[in-house]
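The structure appears below as structure tokens.
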Amino acid sequence: MLEKFFSRKLEFDILPMENAHCRAASVIHGERFSRGWSDGEFHELLGQETVGGFVAFQSGLSSHDGVAGFVLSRAAAGEAEILSIGVTPKVARQGLGWRLMRAAIADIVARDAATVFLEVDETNTAARGLYSKLGFQKVAERPAYYAGPDGKKTAAHVMRLDLDVSRSARSAKP
């Protein structure tokens with residue numbers, strides 16, 4: 001019982017996502033979403049010029065010890081979207097989603113996008129909380145967008161984050 005008071009949050013290494021990580025990302029996606037994406041779908045997305053992503057490994061472990069989480073985004077014409085993010089259940093609530101989203105947002109800024117969009121299931125309170133803490137705001141709703149394993153339909157909240165690209169560009173200059 002006391003171990004929860006004395007345990008330290010896990011540390012993670014965040015690295016650019018490569019094709020070799022697609023199978024692991026597919027497994028995580030299947031654990032987190034009612035319709036998981038195949039590794040082929042991840043390969044196809046990563047093959048697109050406008051798509052980038054990151055994977056996380058527990059610090060001190062090699063990539064052979066498994067991917068703990070991933071995030072994929074797409075940026076084009078000054079806008080970006082978070083395509084998907086997932087963290088293995090065994091490391092949930094360790095701040096990994098936050099770190100992956102921060103990596104994706106930094107990459108999106110580097111690709112000159114000024115606005116980021118994402119969609120999240122209205123019932124996913126943990127994800128909605130994370131996105132709100134990052135500054136995303138709900139701008140629309142898609143009724144009956146997601147179908148759960150029981151066939152019940154839930155709404156997608158469309159969320160938006162406006163980035164201060166000019167400030168980021170200034171701070172990146174020598």
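Ordering of the structure tokens sets the chain letters (A, B, ...), residue numbers begin anew at 1 in every chain, and ligands are numbered from 1 in the order given.
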(message) as JSON, numbers by chain, please: every residue in chain A that a backbone DSSP assignment puts in strand (DSSP E).
(response) {"A": [12, 13, 14, 15, 16, 51, 52, 53, 54, 55, 56, 57, 58, 69, 70, 71, 72, 73, 74, 75, 76, 79, 80, 81, 82, 83, 84, 85, 86, 87, 115, 116, 117, 118, 119, 120, 121, 137, 138, 139, 140, 141, 142, 143, 144, 145, 146, 147, 153, 154, 155, 156, 157, 158, 159, 160, 161, 162]}
(request) Using DSSP on the backbone coordinates, identify all residues within stretch 21-167 of chain A classified as helix (DSSP H, G or I); present the result as a ChimeraX atom specification. (result) /A:21-32,39-46,63-65,89-91,96-110,125-133,165-167
For the selection just defined, write its residues with C-alpha atoms to a file, as a CSV table (one decimal), in the first residue's frame.
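Written out: part-v2.csv:
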chain,number,residue,atom,x,y,z
A,21,HIS,CA,8.1,0.8,-34.7
A,22,CYS,CA,4.9,0.3,-36.7
A,23,ARG,CA,4.0,-3.2,-35.4
A,24,ALA,CA,4.4,-2.0,-31.7
A,25,ALA,CA,2.4,1.1,-32.4
A,26,SER,CA,-0.3,-1.1,-33.9
A,27,VAL,CA,-0.5,-3.3,-30.8
A,28,ILE,CA,-0.8,-0.2,-28.6
A,29,HIS,CA,-3.5,1.3,-30.9
A,30,GLY,CA,-5.4,-2.0,-30.6
A,31,GLU,CA,-5.2,-1.9,-26.8
A,32,ARG,CA,-6.6,1.7,-26.7
A,39,ASP,CA,1.0,-2.1,-38.8
A,40,GLY,CA,0.4,-1.6,-42.6
A,41,GLU,CA,-1.8,1.4,-41.9
A,42,PHE,CA,1.0,2.9,-39.7
A,43,HIS,CA,3.5,2.1,-42.5
A,44,GLU,CA,1.3,3.9,-45.1
A,45,LEU,CA,0.9,6.9,-42.9
A,46,LEU,CA,4.6,7.2,-42.1
A,63,SER,CA,14.1,-0.5,-28.3
A,64,HIS,CA,13.9,-4.3,-28.2
A,65,ASP,CA,12.2,-4.0,-24.8
A,89,PRO,CA,-2.0,0.6,-20.2
A,90,LYS,CA,1.0,-0.6,-18.0
A,91,VAL,CA,2.5,2.9,-18.1
A,96,LEU,CA,3.9,9.9,-21.1
A,97,GLY,CA,1.0,11.2,-23.1
A,98,TRP,CA,2.0,14.7,-22.1
A,99,ARG,CA,5.6,14.2,-23.2
A,100,LEU,CA,4.5,12.6,-26.5
A,101,MET,CA,2.1,15.5,-27.3
A,102,ARG,CA,4.8,18.1,-26.4
A,103,ALA,CA,7.2,16.4,-28.8
A,104,ALA,CA,4.5,16.4,-31.6
A,105,ILE,CA,3.7,20.0,-31.0
A,106,ALA,CA,7.3,21.1,-31.1
A,107,ASP,CA,7.7,19.1,-34.4
A,108,ILE,CA,4.5,20.8,-35.7
A,109,VAL,CA,5.9,24.2,-34.9
A,110,ALA,CA,9.1,23.3,-36.7
A,125,THR,CA,-12.1,12.1,-20.0
A,126,ALA,CA,-8.4,11.4,-19.4
A,127,ALA,CA,-7.5,12.4,-23.0
A,128,ARG,CA,-9.8,15.4,-22.9
A,129,GLY,CA,-8.2,16.5,-19.7
A,130,LEU,CA,-4.7,16.2,-21.2
A,131,TYR,CA,-5.6,18.1,-24.3
A,132,SER,CA,-7.2,20.9,-22.2
A,133,LYS,CA,-4.0,21.2,-20.1
A,165,VAL,CA,4.9,30.2,-34.3
A,166,SER,CA,6.5,33.6,-34.4
A,167,ARG,CA,7.6,33.3,-30.8
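Between atom CA of A:Leu83 and atom CA of A:Phe54 lies a distance of 12.0 Å.
Here the question is which of A:Ala140, A:Leu118, A:Ser84, A:His157 gets nearest to A:Phe33 using only C-alpha atoms, and that residue is A:Ser84.
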(message) List as a list of chain:residue names the protein and nucleic acid residues near A:Arg160, meaning an atom at most 9 Å away when only C-alpha atoms are counted, but skip any in the same chain fewer than 5 places from it.
(response)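 In the requested format, the answer is A:Glu81, A:Thr115, A:Val116, A:Phe117, A:Leu118, A:Gly135, A:Phe136, A:Gln137, A:Lys138, A:Val139.
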(request) Compile the contact shell of A:Asp150 as an MDAnalysis selection string: residues with an atom at most 12 Å away, counting only C-alpha atoms, same-chain residues fewer than 4 positions apart removed. (result) chainID A and resid 34 146 154
Residues from last step as file, C-alpha atoms, as a PDB file, in the first residue's frame:
ATOM      1  CA  SER A  34     -12.100  -0.260 -30.497  1.00  0.00           C
ATOM      2  CA  TYR A 146     -17.268   6.698 -32.729  1.00  0.00           C
ATOM      3  CA  THR A 154     -20.469   8.496 -29.025  1.00  0.00           C
TER       4      THR A 154
END
(message) Just to confirm, what's the straight-line distance from atom CA of A:Gly86 to atom CA of A:Glu141 in Å (one decimal)?
(response)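 Taking atom CA of A:Gly86 as the start and atom CA of A:Glu141 as the end point, the length is 21.6 Å.
Between atom CA of A:Ala68 and atom CA of A:Met17 lies a distance of 12.2 Å.
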(message) I'd like the neighbourhood of A:Ala155 as JSON, numbers by chain, where a residue qualifies if any of its atoms comes within 8 Å (using only C-alpha atoms), though same-chain residues fewer than 5 positions away should be ignored.
(response) {"A": [121, 122, 141, 142, 143, 144, 145, 146]}
Generate the output file for the selected residues, C-alpha atoms, as a PDB file, in the first residue's frame.
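Heads up, here's the output in again-v1.pdb:
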ATOM      1  CA  ASP A 121     -14.151  10.581 -27.988  1.00  0.00           C
ATOM      2  CA  GLU A 122     -16.451  12.507 -25.654  1.00  0.00           C
ATOM      3  CA  GLU A 141     -18.666  18.146 -32.133  1.00  0.00           C
ATOM      4  CA  ARG A 142     -19.353  15.239 -34.478  1.00  0.00           C
ATOM      5  CA  PRO A 143     -22.410  13.379 -33.154  1.00  0.00           C
ATOM      6  CA  ALA A 144     -22.396   9.556 -33.216  1.00  0.00           C
ATOM      7  CA  TYR A 145     -18.873   9.538 -34.699  1.00  0.00           C
ATOM      8  CA  TYR A 146     -17.268   6.698 -32.729  1.00  0.00           C
TER       9      TYR A 146
END
(request) Can you work out which one of A:Val120, A:Val67, A:Ala113, A:Ala77 has the shortest atom-to-atom distance to A:Asp164, counting only C-alpha atoms? (result) A:Ala113
(message) Which residues are near A:Glu119? Cut-off 8 Å, only C-alpha atoms, ignore same chain within fewer than 6 positions. Put them as a list of chain:residue names.
(response)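 My reading of the contact set: A:Ile82, A:Ala156, A:His157, A:Val158, A:Met159.
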(message) From the options A:Ala80, A:Lys152, A:Asn19, A:Val55, which residue's atoms come nearest to A:Thr123, counting only C-alpha atoms?
(response)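 When distances to A:Thr123 are compared using only C-alpha atoms, the smallest one comes from A:Lys152.
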(message) Could you list, as number ranges by chain, every residue within 9 Å of A:Pro16, counting only C-alpha atoms and ignoring same-chain residues fewer than 2 positions away?
(response) A: 14, 18, 52-56
For the residues in that selection, give me N, CA and C atoms as a PDB file, in the first residue's frame.
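Writing the result to part-v4.pdb gives the following:
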ATOM      1  N   ILE A  14      12.075   9.747 -25.818  1.00  0.00           N
ATOM      2  CA  ILE A  14      11.187  10.018 -26.942  1.00  0.00           C
ATOM      3  C   ILE A  14      12.055  10.129 -28.195  1.00  0.00           C
ATOM      4  N   GLU A  18       9.905   5.339 -36.593  1.00  0.00           N
ATOM      5  CA  GLU A  18      10.409   4.742 -37.828  1.00  0.00           C
ATOM      6  C   GLU A  18       9.521   3.558 -38.190  1.00  0.00           C
ATOM      7  N   GLY A  52       4.524  12.793 -39.475  1.00  0.00           N
ATOM      8  CA  GLY A  52       5.659  12.516 -38.602  1.00  0.00           C
ATOM      9  C   GLY A  52       5.155  11.914 -37.310  1.00  0.00           C
ATOM     10  N   GLY A  53       6.048  11.323 -36.581  1.00  0.00           N
ATOM     11  CA  GLY A  53       5.627  10.717 -35.328  1.00  0.00           C
ATOM     12  C   GLY A  53       6.782  10.487 -34.382  1.00  0.00           C
ATOM     13  N   PHE A  54       6.415  10.109 -33.170  1.00  0.00           N
ATOM     14  CA  PHE A  54       7.386   9.817 -32.124  1.00  0.00           C
ATOM     15  C   PHE A  54       6.961   8.555 -31.387  1.00  0.00           C
ATOM     16  N   VAL A  55       7.951   7.851 -30.857  1.00  0.00           N
ATOM     17  CA  VAL A  55       7.707   6.702 -30.002  1.00  0.00           C
ATOM     18  C   VAL A  55       8.448   6.926 -28.691  1.00  0.00           C
ATOM     19  N   ALA A  56       7.988   6.245 -27.662  1.00  0.00           N
ATOM     20  CA  ALA A  56       8.608   6.368 -26.345  1.00  0.00           C
ATOM     21  C   ALA A  56       9.043   5.001 -25.855  1.00  0.00           C
TER      22      ALA A  56
END
